[in-house]
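Below is one structure; the comments refer to it alone.
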Amino acid sequence: FQIKMEDLELMDELGKGNYGTVRKVRHTRTKVDMAMKEIRLELDESKLNGIIMELDILHRAISPQIVEFYGAFFIESCVYYCMEFMDAGSLDKLCWGRATVPEDVLARITRSMVLGLSFLKDELQIIHRDVKPTNVLVNRKGEVKLCDFGVSGQLEKSLAKTNIGCQSYMAPERIKGESQNMLGTYTVASDVWSLGLSIVEMTQGTYPYPPETYSNVFAQLQAIVHGDPPELPAEIYSDTAKDFVARCLEKVPGRRPTYAQLLQDRFLLQDEERGQGGVDMVGWVNLAIEERSKKRERERSEAEAQGQGKG
Ligand code: ADP
């Protein structure tokens with residue numbers, strides 16, 4: 001069935017992205033809770049219609065590692081995109097500090113991501129193009145799923161113009177312009193790089209390139225192209241984990257493994273052997289949510305103290 005705005009009851013705000021707000025909503029007839037993303041686009045009606053049609057392919061993206069798509073519609077110049085509500089939020093905010101993700105949890109998250117990416121590629125011929133911790137969602141059941149992949153050429157084109165992201169997960173070859181036509185020749189290898197960088201970020205709790213580069217896009221891109229690739233923190237993770245990350249963060253795209261090869265890597269085979277109940281994902285998610293609340297509380301009181309200092 002088609003989802004319409006009048007069937008949705010608006011609930012909490014879940015977060016703000018680069019392009020708009022994500023809200024929790026309840027579909028009143030079915031009582032299903034959903035996450036609704038609002039994307040503001042200055043496009044005419046026929047283009048917006050085109051986007052809605054292109055998004056239709058998402059109804060076929062059904063996999064345990066992909067956030068389920070419920071439907072999309074537009075009102076005026078906003079596209080509304082309804083998807084499965086993931087009650088623990090995105091991975092970036094769950095990895096709260098250095099080495100707070102135990103290796104078995106890291107391997108489970110990584111294998112979920114690789115399975116999701118390989119499903120998209122093999123079943124739907126979709127390359128994600130935006131692999132990063134904010135686009136990996138988690139729920140309290142301990143499930144890890146991907147969202148925000150590039151399915152609509154028109155949508156990608158409109159968003160690219162307004163891309164203001166300051167932390168780049170782009171592979172060196174894309175920065176150098178070897179894949180000039182970004183939409184045409186984007187390859188899986190570039191997603192494998194972004195996967196590697198996301199893993200390092202999870203283990204550090206921060207974007208892996210030096211903080212000096214956060215506010216200087218040029219310096220950051222220089223570091224990605226000319227610097228050594230980031231590594232997992234020493235002495236905390238096994239050589240197996242470190243080798244896996246190093247394979248993903250090969251600067252030459254042709255040397256990076258395919259998803260099939262990654263699934264055969266020891267790091268992910270070990271995770272498969274641990275089995276469904278062999279990793280305490282639920283325990284880790286609960287702990288991470290608790291730490292996230294504490295961090296938010298600290299930030300709030302710091303901001304308040306600062307405000308008082310100024311006043
Ligand atoms: P970005 O533009 O940075 O990728 P999004 O607009 O996709 O961010 O999402 C903003 C925030 O909203 C996310 O960081 C996440 O916390 C929350 N969010 C997005 N989708 C969902 C969802 N399906 N379920 C729960 N929370 C979500």
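Each chain in the structure tokens gets a letter, A, B and so on, in the order shown; residues start at 1 in every chain, and ligands are counted from 1 in the order they appear.
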
Quick one: residues within 7 Å of segment 141-146 of chain A, only C-alpha atoms counted, chain neighbours fewer than 5 positions away excluded, as number ranges by chain?
A: 65-67, 109, 112-113, 116, 135-136, 281-282, 285

Pull C-alpha atoms from the residues just selected and write them as a short mmCIF file (atom, residue, chain, number, x, y, z; two decimals), in the first residue's frame.
```cif
data_model
loop_
_atom_site.label_atom_id
_atom_site.label_comp_id
_atom_site.auth_asym_id
_atom_site.auth_seq_id
_atom_site.Cartn_x
_atom_site.Cartn_y
_atom_site.Cartn_z
CA GLN A 65 21.39 -6.28 6.73
CA ILE A 66 19.38 -3.54 4.98
CA VAL A 67 17.04 -1.05 6.68
CA ILE A 109 29.24 -5.26 12.73
CA SER A 112 26.82 -7.35 8.67
CA MET A 113 28.08 -4.41 6.62
CA GLY A 116 24.60 -5.88 3.22
CA ASN A 135 24.62 5.31 7.56
CA VAL A 136 24.84 2.14 9.65
CA MET A 281 25.40 -7.72 20.63
CA VAL A 282 22.39 -6.90 22.81
CA VAL A 285 24.12 -2.07 22.34
#
```

Return as a ChimeraX atom specification the residues of protein, DNA or RNA that approach ligand 1 to within 7 Å, with only C-alpha atoms and all ligand atoms taken into account.
/A:14-22,35,37,67,83-90,134-135,137,148

Residues of the last selection are to be written out with N, CA and C atoms, as a PDB file, in the first residue's frame.
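Ended up saving to again.pdb:
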```
ATOM      1  N   LEU A  14      14.504  12.355  15.538  1.00  0.00           N
ATOM      2  CA  LEU A  14      15.558  11.354  15.770  1.00  0.00           C
ATOM      3  C   LEU A  14      16.939  11.907  15.472  1.00  0.00           C
ATOM      4  N   GLY A  15      16.995  12.878  14.611  1.00  0.00           N
ATOM      5  CA  GLY A  15      18.298  13.446  14.285  1.00  0.00           C
ATOM      6  C   GLY A  15      18.196  14.369  13.103  1.00  0.00           C
ATOM      7  N   LYS A  16      19.276  15.120  12.924  1.00  0.00           N
ATOM      8  CA  LYS A  16      19.325  16.017  11.774  1.00  0.00           C
ATOM      9  C   LYS A  16      20.469  15.581  10.891  1.00  0.00           C
ATOM     10  N   GLY A  17      20.221  15.450   9.625  1.00  0.00           N
ATOM     11  CA  GLY A  17      21.302  15.107   8.708  1.00  0.00           C
ATOM     12  C   GLY A  17      21.697  16.327   7.912  1.00  0.00           C
ATOM     13  N   ASN A  18      22.491  16.096   6.884  1.00  0.00           N
ATOM     14  CA  ASN A  18      22.925  17.195   6.027  1.00  0.00           C
ATOM     15  C   ASN A  18      21.770  17.798   5.246  1.00  0.00           C
ATOM     16  N   TYR A  19      20.774  16.984   4.960  1.00  0.00           N
ATOM     17  CA  TYR A  19      19.745  17.425   4.018  1.00  0.00           C
ATOM     18  C   TYR A  19      18.378  17.606   4.657  1.00  0.00           C
ATOM     19  N   GLY A  20      18.245  17.305   5.903  1.00  0.00           N
ATOM     20  CA  GLY A  20      16.933  17.457   6.507  1.00  0.00           C
ATOM     21  C   GLY A  20      16.829  16.688   7.805  1.00  0.00           C
ATOM     22  N   THR A  21      15.607  16.587   8.275  1.00  0.00           N
ATOM     23  CA  THR A  21      15.370  16.042   9.599  1.00  0.00           C
ATOM     24  C   THR A  21      14.820  14.627   9.501  1.00  0.00           C
ATOM     25  N   VAL A  22      15.176  13.787  10.472  1.00  0.00           N
ATOM     26  CA  VAL A  22      14.604  12.450  10.555  1.00  0.00           C
ATOM     27  C   VAL A  22      13.715  12.403  11.794  1.00  0.00           C
ATOM     28  N   ALA A  35      10.736   5.494  10.735  1.00  0.00           N
ATOM     29  CA  ALA A  35      11.566   6.702  10.723  1.00  0.00           C
ATOM     30  C   ALA A  35      11.271   7.401   9.409  1.00  0.00           C
ATOM     31  N   LYS A  37      12.339  10.429   6.903  1.00  0.00           N
ATOM     32  CA  LYS A  37      13.378  11.393   6.575  1.00  0.00           C
ATOM     33  C   LYS A  37      12.814  12.428   5.621  1.00  0.00           C
ATOM     34  N   VAL A  67      18.181  -1.699   6.035  1.00  0.00           N
ATOM     35  CA  VAL A  67      17.039  -1.048   6.677  1.00  0.00           C
ATOM     36  C   VAL A  67      15.853  -1.100   5.710  1.00  0.00           C
ATOM     37  N   MET A  83      11.068   4.587   6.486  1.00  0.00           N
ATOM     38  CA  MET A  83      11.844   3.344   6.603  1.00  0.00           C
ATOM     39  C   MET A  83      11.690   2.747   8.001  1.00  0.00           C
ATOM     40  N   GLU A  84      12.195   1.555   8.127  1.00  0.00           N
ATOM     41  CA  GLU A  84      12.214   0.843   9.402  1.00  0.00           C
ATOM     42  C   GLU A  84      12.839   1.724  10.492  1.00  0.00           C
ATOM     43  N   PHE A  85      12.187   1.759  11.639  1.00  0.00           N
ATOM     44  CA  PHE A  85      12.725   2.522  12.767  1.00  0.00           C
ATOM     45  C   PHE A  85      13.763   1.659  13.499  1.00  0.00           C
ATOM     46  N   MET A  86      14.977   2.199  13.612  1.00  0.00           N
ATOM     47  CA  MET A  86      16.056   1.448  14.280  1.00  0.00           C
ATOM     48  C   MET A  86      16.291   2.113  15.642  1.00  0.00           C
ATOM     49  N   ASP A  87      15.875   1.426  16.704  1.00  0.00           N
ATOM     50  CA  ASP A  87      15.747   2.090  17.998  1.00  0.00           C
ATOM     51  C   ASP A  87      17.054   2.355  18.754  1.00  0.00           C
ATOM     52  N   ALA A  88      18.201   1.965  18.198  1.00  0.00           N
ATOM     53  CA  ALA A  88      19.455   2.348  18.859  1.00  0.00           C
ATOM     54  C   ALA A  88      20.193   3.424  18.061  1.00  0.00           C
ATOM     55  N   GLY A  89      19.665   3.793  16.904  1.00  0.00           N
ATOM     56  CA  GLY A  89      20.256   4.897  16.137  1.00  0.00           C
ATOM     57  C   GLY A  89      21.490   4.500  15.343  1.00  0.00           C
ATOM     58  N   SER A  90      22.260   5.506  14.964  1.00  0.00           N
ATOM     59  CA  SER A  90      23.384   5.236  14.069  1.00  0.00           C
ATOM     60  C   SER A  90      24.661   4.906  14.838  1.00  0.00           C
ATOM     61  N   THR A 134      27.473   6.962  10.100  1.00  0.00           N
ATOM     62  CA  THR A 134      26.116   7.519  10.265  1.00  0.00           C
ATOM     63  C   THR A 134      25.090   6.772   9.419  1.00  0.00           C
ATOM     64  N   ASN A 135      25.552   6.042   8.417  1.00  0.00           N
ATOM     65  CA  ASN A 135      24.624   5.314   7.565  1.00  0.00           C
ATOM     66  C   ASN A 135      24.520   3.839   7.936  1.00  0.00           C
ATOM     67  N   LEU A 137      22.812   1.624  10.856  1.00  0.00           N
ATOM     68  CA  LEU A 137      21.865   1.754  11.966  1.00  0.00           C
ATOM     69  C   LEU A 137      21.787   0.453  12.754  1.00  0.00           C
ATOM     70  N   ASP A 148      20.597   4.600   3.375  1.00  0.00           N
ATOM     71  CA  ASP A 148      21.107   5.739   2.592  1.00  0.00           C
ATOM     72  C   ASP A 148      22.011   5.375   1.421  1.00  0.00           C
TER      73      ASP A 148
END
```

Name the residues of segment 175-310 of chain A that fall into alpha helix (DSSP H) according to DSSP on the backbone, using the chain letters and numbers of this document, as a VMD selection string.
chain A and resid 175 to 176 182 to 185 188 to 204 217 to 226 239 to 248 259 to 263 266 to 274 281 to 310

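Relative to atom CA of Trp284 of chain A, atom CA of Trp96 of chain A is found at 11.8 Å.
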
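Ranking A:Asp44, A:Glu250, A:Glu103, A:Glu6 by their shortest atom-to-atom distance to Ile224 of chain A, with only C-alpha atoms included, puts A:Glu250 first.
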
Residues at most 10 Å from Thr213 of chain A, counting only C-alpha atoms, excluding those fewer than 3 positions away in the same chain, as an mmCIF file with C-alpha atoms, in the first residue's frame?
```cif
data_model
loop_
_atom_site.group_PDB
_atom_site.id
_atom_site.type_symbol
_atom_site.label_atom_id
_atom_site.label_comp_id
_atom_site.auth_asym_id
_atom_site.auth_seq_id
_atom_site.Cartn_x
_atom_site.Cartn_y
_atom_site.Cartn_z
ATOM 1 C CA CYS A 166 33.415 17.923 6.063
ATOM 2 C CA GLN A 167 34.671 14.454 6.937
ATOM 3 C CA TYR A 209 42.316 11.495 10.045
ATOM 4 C CA PRO A 210 43.910 14.127 12.333
ATOM 5 C CA ASN A 216 40.347 22.202 6.356
ATOM 6 C CA VAL A 217 38.889 20.175 3.522
ATOM 7 C CA PHE A 218 41.991 20.566 1.375
ATOM 8 C CA ALA A 219 44.334 19.291 4.092
ATOM 9 C CA GLN A 220 42.019 16.376 4.716
ATOM 10 C CA LEU A 221 41.894 15.338 1.070
ATOM 11 C CA GLN A 222 45.689 15.741 0.863
ATOM 12 C CA ALA A 223 46.086 13.424 3.851
#
```

Residues near Val151 of chain A, anyone? I mean within 12 Å using only C-alpha atoms, not counting same-chain ones fewer than 3 positions away, as a PyMOL selection string.
chain A and resi 50-61+120-121+124-130+147-148+154-157+183

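Straight-line separation from atom CA of Leu48 of chain A to atom CA of Ser77 of chain A: 7.8 Å.
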
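Residues lying within 12 Å of Glu42 of chain A, counting only C-alpha atoms and ignoring same-chain neighbours fewer than 5 positions away, are A:Tyr19, A:Lys47, A:Leu48, A:Phe74, A:Ile75, A:Glu76, A:Ser77, A:Cys78, A:Val79, A:Leu155, A:Ser158, A:Leu159, A:Lys161, A:Thr162.
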
For the residues in the current selection, export C-alpha atoms as a compact mmCIF listing (two decimals), in the first residue's frame.
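Contents of the output file selection.txt:
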```txt
# COMPACT_ATOMS: atom_id res chain seq x y z
CA TYR A 19 19.74 17.42 4.02
CA LYS A 47 11.74 15.64 -11.17
CA LEU A 48 10.29 14.90 -7.72
CA PHE A 74 6.54 14.33 -1.78
CA ILE A 75 4.79 17.44 -0.59
CA GLU A 76 5.72 20.74 -2.17
CA SER A 77 9.52 20.64 -2.51
CA CYS A 78 10.19 17.97 0.14
CA VAL A 79 10.64 14.26 -0.39
CA LEU A 155 18.29 12.31 -6.00
CA SER A 158 20.47 16.98 -6.42
CA LEU A 159 22.15 16.05 -3.15
CA LYS A 161 25.21 19.87 -5.28
CA THR A 162 24.47 20.57 -1.67
```

Could you find all residues in segment 32-254 of chain A that DSSP calls strand (DSSP E) from the backbone, and write them as number ranges by chain?
A: 32-40, 69-75, 78-84, 89-90, 136-138, 144-146

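The closest residue to Met36 of chain A, picked from A:Leu269, A:Cys82, A:Val105, A:Ile236 and counting only C-alpha atoms, is A:Cys82.
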
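Rounded to one decimal, atom CA of Asp280 of chain A and atom CA of Asp104 of chain A lie 8.6 Å from each other.
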